[in-house]
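K.L.:
My structure file structure_25.cif, mmCIF, C-alpha atoms, is below:
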data_coords
#
loop_
_atom_site.group_PDB
_atom_site.id
_atom_site.type_symbol
_atom_site.label_atom_id
_atom_site.label_comp_id
_atom_site.auth_asym_id
_atom_site.auth_seq_id
_atom_site.Cartn_x
_atom_site.Cartn_y
_atom_site.Cartn_z
ATOM 1 C CA MET A 1 79.569 102.923 109.112
ATOM 2 C CA SER A 2 78.391 102.676 112.696
ATOM 3 C CA ASN A 3 80.514 101.566 115.579
ATOM 4 C CA PHE A 4 79.082 98.652 117.493
ATOM 5 C CA GLU A 5 79.867 97.621 121.037
ATOM 6 C CA VAL A 6 80.857 93.964 121.180
ATOM 7 C CA ARG A 7 80.658 92.197 124.524
ATOM 8 C CA PRO A 8 80.504 88.642 125.867
ATOM 9 C CA ALA A 9 76.984 87.257 125.683
ATOM 10 C CA THR A 10 74.966 86.732 128.846
ATOM 11 C CA LEU A 11 72.320 84.081 129.459
ATOM 12 C CA ARG A 12 69.559 86.638 128.942
ATOM 13 C CA ASP A 13 70.897 87.228 125.381
ATOM 14 C CA ALA A 14 70.161 83.632 124.284
ATOM 15 C CA LYS A 15 66.635 84.342 123.000
ATOM 16 C CA VAL A 16 67.738 87.227 120.756
ATOM 17 C CA ILE A 17 70.754 85.214 119.533
ATOM 18 C CA ALA A 18 68.440 82.312 118.623
ATOM 19 C CA GLU A 19 66.111 84.727 116.797
ATOM 20 C CA ILE A 20 68.963 86.302 114.800
ATOM 21 C CA TYR A 21 70.320 82.847 113.966
ATOM 22 C CA ALA A 22 66.911 81.619 112.771
ATOM 23 C CA SER A 23 66.033 84.688 110.687
ATOM 24 C CA SER A 24 69.484 85.072 109.115
ATOM 25 C CA SER A 25 69.687 81.340 108.377
ATOM 26 C CA GLN A 26 66.275 81.483 106.718
ATOM 27 C CA ALA A 27 67.296 84.465 104.557
ATOM 28 C CA ALA A 28 70.546 82.809 103.470
ATOM 29 C CA PHE A 29 68.823 79.463 102.812
ATOM 30 C CA LYS A 30 66.091 81.086 100.697
ATOM 31 C CA ALA A 31 68.755 82.827 98.606
ATOM 32 C CA LEU A 32 70.575 79.517 98.064
ATOM 33 C CA PHE A 33 67.504 77.321 97.532
ATOM 34 C CA PRO A 34 64.459 79.297 96.396
ATOM 35 C CA GLY A 35 61.277 77.334 97.001
ATOM 36 C CA GLU A 36 62.860 74.897 99.484
ATOM 37 C CA GLN A 37 61.966 74.885 103.151
ATOM 38 C CA LEU A 38 64.692 75.100 105.773
ATOM 39 C CA PRO A 39 63.966 72.478 108.454
ATOM 40 C CA ALA A 40 62.381 74.230 111.396
ATOM 41 C CA VAL A 41 64.141 74.232 114.736
ATOM 42 C CA SER A 42 61.870 74.952 117.650
ATOM 43 C CA ALA A 43 62.466 78.292 119.307
ATOM 44 C CA ASP A 44 62.918 76.519 122.640
ATOM 45 C CA LYS A 45 65.666 74.264 121.237
ATOM 46 C CA GLY A 46 67.460 77.248 119.714
ATOM 47 C CA VAL A 47 67.346 79.193 122.965
ATOM 48 C CA ALA A 48 68.466 76.118 124.944
ATOM 49 C CA TYR A 49 71.429 75.585 122.586
ATOM 50 C CA TRP A 50 72.626 79.179 122.923
ATOM 51 C CA ARG A 51 72.045 79.239 126.706
ATOM 52 C CA ASP A 52 74.264 76.153 127.027
ATOM 53 C CA ALA A 53 76.895 77.661 124.712
ATOM 54 C CA ILE A 54 76.969 80.861 126.763
ATOM 55 C CA GLU A 55 76.958 79.088 130.134
ATOM 56 C CA TYR A 56 79.724 76.608 129.259
ATOM 57 C CA ALA A 57 81.651 78.838 126.781
ATOM 58 C CA GLU A 58 81.483 76.151 124.081
ATOM 59 C CA PRO A 59 81.799 78.096 121.880
ATOM 60 C CA GLN A 60 82.590 81.475 123.382
ATOM 61 C CA VAL A 61 79.780 83.805 122.321
ATOM 62 C CA HIS A 62 79.941 87.576 121.865
ATOM 63 C CA VAL A 63 77.177 89.920 120.754
ATOM 64 C CA ALA A 64 77.238 93.175 118.792
ATOM 65 C CA VAL A 65 75.039 95.863 120.281
ATOM 66 C CA ASP A 66 73.633 98.977 118.589
ATOM 67 C CA GLY A 67 72.304 101.187 121.378
ATOM 68 C CA ASP A 68 70.403 98.687 123.525
ATOM 69 C CA GLN A 69 69.622 96.242 120.689
ATOM 70 C CA ILE A 70 71.605 93.084 119.920
ATOM 71 C CA VAL A 71 72.222 93.119 116.154
ATOM 72 C CA GLY A 72 74.588 90.170 115.694
ATOM 73 C CA PHE A 73 76.663 87.500 117.365
ATOM 74 C CA VAL A 74 79.741 85.358 116.901
ATOM 75 C CA GLY A 75 80.632 81.975 118.366
ATOM 76 C CA PHE A 76 84.295 80.945 118.337
ATOM 77 C CA ASP A 77 86.620 78.433 119.958
ATOM 78 C CA ARG A 78 89.204 75.829 119.067
ATOM 79 C CA SER A 79 88.662 74.034 115.771
ATOM 80 C CA ARG A 80 86.252 71.090 115.793
ATOM 81 C CA ASP A 81 87.899 69.583 112.694
ATOM 82 C CA LYS A 82 89.708 66.304 113.354
ATOM 83 C CA GLY A 83 93.477 66.364 113.249
ATOM 84 C CA THR A 84 93.883 70.116 113.710
ATOM 85 C CA PRO A 85 96.478 71.433 116.168
ATOM 86 C CA ASN A 86 95.511 73.193 119.422
ATOM 87 C CA THR A 87 96.571 76.459 117.829
ATOM 88 C CA MET A 88 93.775 76.244 115.225
ATOM 89 C CA GLY A 89 90.692 78.280 116.102
ATOM 90 C CA GLU A 90 87.311 78.208 114.417
ATOM 91 C CA ILE A 91 84.472 80.643 113.904
ATOM 92 C CA TRP A 92 81.555 78.342 114.722
ATOM 93 C CA ALA A 93 78.920 80.942 113.788
ATOM 94 C CA ILE A 94 78.841 84.605 112.795
ATOM 95 C CA TYR A 95 75.501 86.248 112.067
ATOM 96 C CA ALA A 96 74.124 89.766 111.808
ATOM 97 C CA ALA A 97 70.466 90.739 111.803
ATOM 98 C CA SER A 98 69.464 91.299 108.172
ATOM 99 C CA SER A 99 68.473 94.879 109.088
ATOM 100 C CA HIS A 100 72.172 95.503 109.807
ATOM 101 C CA TRP A 101 73.794 93.733 106.844
ATOM 102 C CA GLY A 102 76.499 95.844 105.251
ATOM 103 C CA LYS A 103 76.786 98.200 108.244
ATOM 104 C CA GLY A 104 79.944 96.852 109.905
ATOM 105 C CA VAL A 105 78.437 94.378 112.389
ATOM 106 C CA GLY A 106 80.310 91.432 110.868
ATOM 107 C CA LEU A 107 83.606 93.284 111.001
ATOM 108 C CA ALA A 108 83.109 94.233 114.664
ATOM 109 C CA LEU A 109 82.265 90.604 115.499
ATOM 110 C CA TRP A 110 85.222 89.266 113.495
ATOM 111 C CA ASP A 111 87.586 91.650 115.318
ATOM 112 C CA ALA A 112 86.290 90.442 118.701
ATOM 113 C CA ALA A 113 86.593 86.775 117.712
ATOM 114 C CA ARG A 114 90.118 87.302 116.383
ATOM 115 C CA GLU A 115 91.194 88.943 119.655
ATOM 116 C CA GLY A 116 89.560 86.153 121.688
ATOM 117 C CA LEU A 117 91.230 83.411 119.649
ATOM 118 C CA ILE A 118 94.643 85.075 119.930
ATOM 119 C CA GLU A 119 94.147 85.269 123.731
ATOM 120 C CA GLU A 120 93.435 81.508 123.651
ATOM 121 C CA GLY A 121 96.794 80.905 121.953
ATOM 122 C CA CYS A 122 95.456 80.277 118.456
ATOM 123 C CA THR A 123 97.599 81.270 115.475
ATOM 124 C CA ASN A 124 95.173 80.361 112.659
ATOM 125 C CA VAL A 125 91.408 80.263 112.247
ATOM 126 C CA THR A 126 88.972 78.430 109.981
ATOM 127 C CA LEU A 127 85.262 78.467 109.294
ATOM 128 C CA TRP A 128 82.826 76.576 107.070
ATOM 129 C CA ILE A 129 80.526 78.375 104.618
ATOM 130 C CA PRO A 130 78.038 77.082 102.032
ATOM 131 C CA LEU A 131 79.609 77.500 98.589
ATOM 132 C CA GLY A 132 76.603 79.409 97.268
ATOM 133 C CA ASN A 133 76.494 81.968 100.081
ATOM 134 C CA GLU A 134 78.077 84.783 98.090
ATOM 135 C CA ARG A 135 77.536 87.437 100.772
ATOM 136 C CA ALA A 136 79.399 85.397 103.425
ATOM 137 C CA LEU A 137 82.139 84.320 101.008
ATOM 138 C CA ARG A 138 82.717 87.919 99.900
ATOM 139 C CA PHE A 139 82.858 89.142 103.515
ATOM 140 C CA HIS A 140 85.425 86.514 104.505
ATOM 141 C CA ASP A 141 87.479 87.050 101.339
ATOM 142 C CA LEU A 142 87.725 90.742 102.296
ATOM 143 C CA ALA A 143 88.685 89.730 105.856
ATOM 144 C CA GLY A 144 91.701 87.843 104.477
ATOM 145 C CA PHE A 145 90.399 84.268 104.533
ATOM 146 C CA LYS A 146 91.516 81.899 101.773
ATOM 147 C CA ARG A 147 89.340 79.101 100.403
ATOM 148 C CA GLU A 148 90.669 75.567 100.849
ATOM 149 C CA MET A 149 89.384 74.019 97.628
ATOM 150 C CA THR A 150 90.221 70.453 98.710
ATOM 151 C CA SER A 151 87.989 70.790 101.802
ATOM 152 C CA ILE A 152 84.610 70.902 100.016
ATOM 153 C CA LYS A 153 82.083 68.583 101.647
ATOM 154 C CA THR A 154 78.375 67.899 101.254
ATOM 155 C CA VAL A 155 76.150 68.378 104.287
ATOM 156 C CA PRO A 156 72.467 67.399 104.412
ATOM 157 C CA VAL A 157 70.109 70.137 105.622
ATOM 158 C CA GLY A 158 66.633 68.683 105.643
ATOM 159 C CA SER A 159 65.838 67.472 102.138
ATOM 160 C CA VAL A 160 68.626 69.550 100.566
ATOM 161 C CA LYS A 161 72.323 68.824 100.316
ATOM 162 C CA ILE A 162 74.608 71.830 100.761
ATOM 163 C CA GLU A 163 78.217 71.996 99.640
ATOM 164 C CA GLU A 164 80.398 73.716 102.217
ATOM 165 C CA ILE A 165 83.960 74.937 101.934
ATOM 166 C CA ARG A 166 86.475 75.624 104.678
ATOM 167 C CA LEU A 167 88.159 79.014 104.735
ATOM 168 C CA LYS A 168 91.366 79.690 106.650
ATOM 169 C CA ARG A 169 93.615 82.588 107.629
ATOM 170 C CA ALA A 170 96.408 83.460 110.014
ATOM 171 C CA LEU A 171 95.429 85.453 113.095
ATOM 172 C CA ASN A 172 98.424 87.774 113.206
#
Rewrite the structure of this file - the entire thing - as C-alpha cells.
P.N.:
Amino acid sequence: MSNFEVRPATLRDAKVIAEIYASSSQAAFKALFPGEQLPAVSADKGVAYWRDAIEYAEPQVHVAVDGDQIVGFVGFDRSRDKGTPNTMGEIWAIYAASSHWGKGVGLALWDAAREGLIEEGCTNVTLWIPLGNERALRFHDLAGFKREMTSIKTVPVGSVKIEEIRLKRALN
C-alpha cells in the first residue's frame, strides 16, 4: 500500500477532479449497466461545478496526491437529507482514479473526510451508493458503514433508473 498526501483542493485542481469524476463514473456505470450510455456532462460544466464547490466549500473538497499527480478526491459536508440533525455529515462524493483502485486512495480520502467532519462538529456520517456498485459497497462496509435498508430510493440517470441506498456510521 502506498501512502498518499491528502490536502484541501485548490481551484487549479478542478479540471483533474472533473476528469476523475467523469472517468470513474463511466467505469462504475458500465459495470452496473453494460450497453447503456451514461448521460454526458460537458467537461466545462464539470469543471465549473468543482470550481464552485472548491471556492465556496460546498462541499469541502480534498484531493489525494501521489507524487505530483492527483489520484482521487472526496467532497464532504453536512447532510443534504431532509430532517437530519446538524451533527449529521455526508460524503457527497468519493472517487479514485481507476489506475489507483485498491491501492489505499479511498482509505486516505475517507480518513481526511472523517477528520474534517469531526472538526465541523458532526458525530455521524452518511452517503448514498447505487445498490449494484459492489466495489463501493464493499469499501464502505469495510470502513464500518451500515446499510439502511429502509432508505432505498430510485434515481433516474438518463434513460436508466438506479436504486441507491444510504449507508451510515458513527464518526468516533
K.L.:
Here is a test: counting only C-alpha atoms, which residue of A:Ile162, A:Val157, A:Ala27, A:Val61 is nearest to Ile94 of chain A?
P.N.:
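Using only C-alpha atoms, Ile94 of chain A sits closest to A:Val61.
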K.L.:
Nearest residue to Val71 of chain A out of A:Lys45, A:Lys153, A:Arg147, A:Lys103, using all atoms listed in the file?
P.N.:
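Closest candidate: A:Lys103.
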K.L.:
Taking all atoms listed in the file into account, name the residue in A:Ala96, A:Ala43, A:Leu109, A:Ala64 that is nearest to Ala143 of chain A.
P.N.:
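Checking each of A:Ala96, A:Ala43, A:Leu109, A:Ala64 against Ala143 of chain A, counting all atoms listed in the file, the winner is A:Leu109.
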K.L.:
Identify all residues satisfying the PyMOL selection byres ((chain A and resi 74) around 8) in the given file; provide them as a PyMOL selection string.
P.N.:
chain A and resi 61-63+72-73+75-76+91-95+109-110+113
K.L.:
Convert the output of the PyMOL selection byres ((chain A and resi 155) around 12) on the shown file into explicit residues, formatted as a list of chain:residue names.
P.N.:
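Given this file, the PyMOL selection byres ((chain A and resi 155) around 12) evaluates to A:Trp128, A:Ile129, A:Pro130, A:Leu131, A:Ile152, A:Lys153, A:Thr154, A:Pro156, A:Val157, A:Gly158, A:Ser159, A:Val160, A:Lys161, A:Ile162, A:Glu163, A:Glu164, A:Ile165.
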K.L.:
Hey, which of A:Asp13, A:Gly46, A:Glu115, A:Arg169 ends up closest to Lys146 of chain A? Count all atoms listed in the file.
P.N.:
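Of A:Asp13, A:Gly46, A:Glu115, A:Arg169, the one nearest Lys146 of chain A, counting all atoms listed in the file, is A:Arg169.
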K.L.:
Using Å and a single decimal, report how far atom CA of Glu134 of chain A sits from atom CA of Arg166 of chain A.
P.N.:
14.1 Å
K.L.:
Emit segment 148-161 of chain A of the structure in the block as a file comprising N, CA and C atoms, as a PDB file, in the first residue's frame.
P.N.:
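Result file result.pdb:
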ATOM      1  N   GLU A 148     -28.698   1.175   5.451  1.00  0.00           N
ATOM      2  CA  GLU A 148     -30.034   1.477   5.966  1.00  0.00           C
ATOM      3  C   GLU A 148     -31.036   0.964   4.932  1.00  0.00           C
ATOM      4  N   MET A 149     -31.518  -0.249   5.147  1.00  0.00           N
ATOM      5  CA  MET A 149     -32.337  -0.928   4.139  1.00  0.00           C
ATOM      6  C   MET A 149     -33.637  -0.185   3.832  1.00  0.00           C
ATOM      7  N   THR A 150     -34.152   0.584   4.775  1.00  0.00           N
ATOM      8  CA  THR A 150     -35.407   1.308   4.539  1.00  0.00           C
ATOM      9  C   THR A 150     -35.186   2.592   3.740  1.00  0.00           C
ATOM     10  N   SER A 151     -33.936   2.915   3.410  1.00  0.00           N
ATOM     11  CA  SER A 151     -33.646   4.175   2.712  1.00  0.00           C
ATOM     12  C   SER A 151     -33.609   4.034   1.194  1.00  0.00           C
ATOM     13  N   ILE A 152     -33.728   2.841   0.664  1.00  0.00           N
ATOM     14  CA  ILE A 152     -33.557   2.615  -0.777  1.00  0.00           C
ATOM     15  C   ILE A 152     -34.500   3.509  -1.578  1.00  0.00           C
ATOM     16  N   LYS A 153     -33.901   4.196  -2.573  1.00  0.00           N
ATOM     17  CA  LYS A 153     -34.695   5.070  -3.442  1.00  0.00           C
ATOM     18  C   LYS A 153     -34.242   4.872  -4.879  1.00  0.00           C
ATOM     19  N   THR A 154     -35.107   5.216  -5.812  1.00  0.00           N
ATOM     20  CA  THR A 154     -34.807   5.108  -7.231  1.00  0.00           C
ATOM     21  C   THR A 154     -34.511   6.497  -7.777  1.00  0.00           C
ATOM     22  N   VAL A 155     -33.392   6.591  -8.494  1.00  0.00           N
ATOM     23  CA  VAL A 155     -32.936   7.869  -9.036  1.00  0.00           C
ATOM     24  C   VAL A 155     -32.752   7.710 -10.540  1.00  0.00           C
ATOM     25  N   PRO A 156     -33.365   8.586 -11.350  1.00  0.00           N
ATOM     26  CA  PRO A 156     -33.148   8.493 -12.791  1.00  0.00           C
ATOM     27  C   PRO A 156     -31.784   9.060 -13.184  1.00  0.00           C
ATOM     28  N   VAL A 157     -31.061   8.302 -14.012  1.00  0.00           N
ATOM     29  CA  VAL A 157     -29.791   8.758 -14.575  1.00  0.00           C
ATOM     30  C   VAL A 157     -29.910   8.532 -16.080  1.00  0.00           C
ATOM     31  N   GLY A 158     -30.242   9.581 -16.779  1.00  0.00           N
ATOM     32  CA  GLY A 158     -30.513   9.444 -18.209  1.00  0.00           C
ATOM     33  C   GLY A 158     -31.724   8.559 -18.411  1.00  0.00           C
ATOM     34  N   SER A 159     -31.576   7.532 -19.239  1.00  0.00           N
ATOM     35  CA  SER A 159     -32.687   6.633 -19.532  1.00  0.00           C
ATOM     36  C   SER A 159     -32.773   5.462 -18.551  1.00  0.00           C
ATOM     37  N   VAL A 160     -31.873   5.417 -17.591  1.00  0.00           N
ATOM     38  CA  VAL A 160     -31.797   4.307 -16.641  1.00  0.00           C
ATOM     39  C   VAL A 160     -32.231   4.773 -15.257  1.00  0.00           C
ATOM     40  N   LYS A 161     -32.859   3.874 -14.528  1.00  0.00           N
ATOM     41  CA  LYS A 161     -33.206   4.169 -13.140  1.00  0.00           C
ATOM     42  C   LYS A 161     -32.283   3.354 -12.233  1.00  0.00           C
TER      43      LYS A 161
END
